[in-house]
Amino acid sequence: MEYIQKNPYFIFLALIVIFLAIGFLNAEETLDINIHDTYYVISYLHFAVLLSVIYTFLAILYFALIKLNFPLIKWLISTHVIVSVGGLLLIWIFSQLKREMKPGDIESYTAGMTFNDKMLLGIFATVVTMIAMQVVFVVNVVQALVKGRS
């Protein structure tokens, strides 16, 4: 935990390398996001680049604040990094658990729909939590800038 608090930017930089590697290896595949009647389709490469840009910004900000001795709240650093990394892992797990539904028995089809709705709810809750943690990160940065250098 101490490593996360002292060097959170290394974790984000490692994730950037992983994202880009996965994006380039799966460049031909697409990610389909269904929200009500609208499908959003994005290639894995573009999604990896988008995540890399976001995590690069976080890494640079953490690096600058820590190297310039701005006093960030330690437990907020740990929480932000764990939720930002663990949230992506949890979203991936929920997406892998979704069931493919085949026409046929109506009871199994209905049960599959209910299960998939629960997985979608889990993904939604995880995304909302990750966004909330980014707001907490901004609060942590603002309080560090207000306190000034230590």
# chains A, B, ... in the order shown; residues from 1 in each chain; ligands from 1
call {"tool": "residues_around", "arguments": {"residues": "Val85 of chain A", "least_positions_apart": "3", "cutoff": "9 Å", "atoms": "only C-alpha atoms", "output": "list in words"}}
result
Ile11, Phe12, Leu15, His80, Val81, Ile82, Leu88, Leu89 and Leu90 of chain A
call {"tool": "residues_around", "arguments": {"residues": "segment 131-142 of chain A", "least_positions_apart": "4", "cutoff": "7 Å", "atoms": "only C-alpha atoms", "output": "NGL selection string"}}
result
:A and (72-73 or 80 or 127 or 146)
call {"tool": "write_last_selection", "arguments": {"atoms": "N, CA and C atoms", "output": "PDB file, in the first residue's frame"}}
result
ATOM      1  N   LEU A  72      -0.662  15.432  -0.857  1.00  0.00           N
ATOM      2  CA  LEU A  72      -1.892  14.715  -1.184  1.00  0.00           C
ATOM      3  C   LEU A  72      -2.292  13.848   0.004  1.00  0.00           C
ATOM      4  N   ILE A  73      -3.582  13.609   0.146  1.00  0.00           N
ATOM      5  CA  ILE A  73      -4.087  12.749   1.215  1.00  0.00           C
ATOM      6  C   ILE A  73      -3.797  11.300   0.819  1.00  0.00           C
ATOM      7  N   HIS A  80      -8.209   5.955  -4.833  1.00  0.00           N
ATOM      8  CA  HIS A  80      -8.364   6.332  -6.235  1.00  0.00           C
ATOM      9  C   HIS A  80      -7.688   5.330  -7.167  1.00  0.00           C
ATOM     10  N   VAL A 127     -18.978   1.757 -13.186  1.00  0.00           N
ATOM     11  CA  VAL A 127     -18.636   2.970 -13.940  1.00  0.00           C
ATOM     12  C   VAL A 127     -18.970   4.218 -13.124  1.00  0.00           C
ATOM     13  N   VAL A 146      -4.206  24.042  -2.571  1.00  0.00           N
ATOM     14  CA  VAL A 146      -4.565  25.088  -1.619  1.00  0.00           C
ATOM     15  C   VAL A 146      -3.603  25.090  -0.437  1.00  0.00           C
TER      16      VAL A 146
END
call {"tool": "select_by_dssp", "arguments": {"residues": "chain A", "states": "alpha helix (DSSP H)", "output": "number ranges by chain"}}
result
A: 2-6, 8-25, 44-67, 74-97, 106-147
call {"tool": "residues_around", "arguments": {"residues": "Ile60 of chain A", "least_positions_apart": "4", "cutoff": "10 Å", "atoms": "only C-alpha atoms", "output": "list in words"}}
result
Tyr9, Phe12, Leu13, Tyr55, Thr56, Ala64, Leu65 and Ile66 of chain A
call {"tool": "select_by_dssp", "arguments": {"residues": "segment 32-128 of chain A", "states": "strand (DSSP E)", "output": "NGL selection string"}}
result
:A and (32-35 or 38-43)
call {"tool": "closest_residue", "arguments": {"among": "A:Thr30, A:Ser43, A:Ser84, A:Gln5", "to": "Thr129 of chain A", "atoms": "only C-alpha atoms"}}
result
A:Ser84
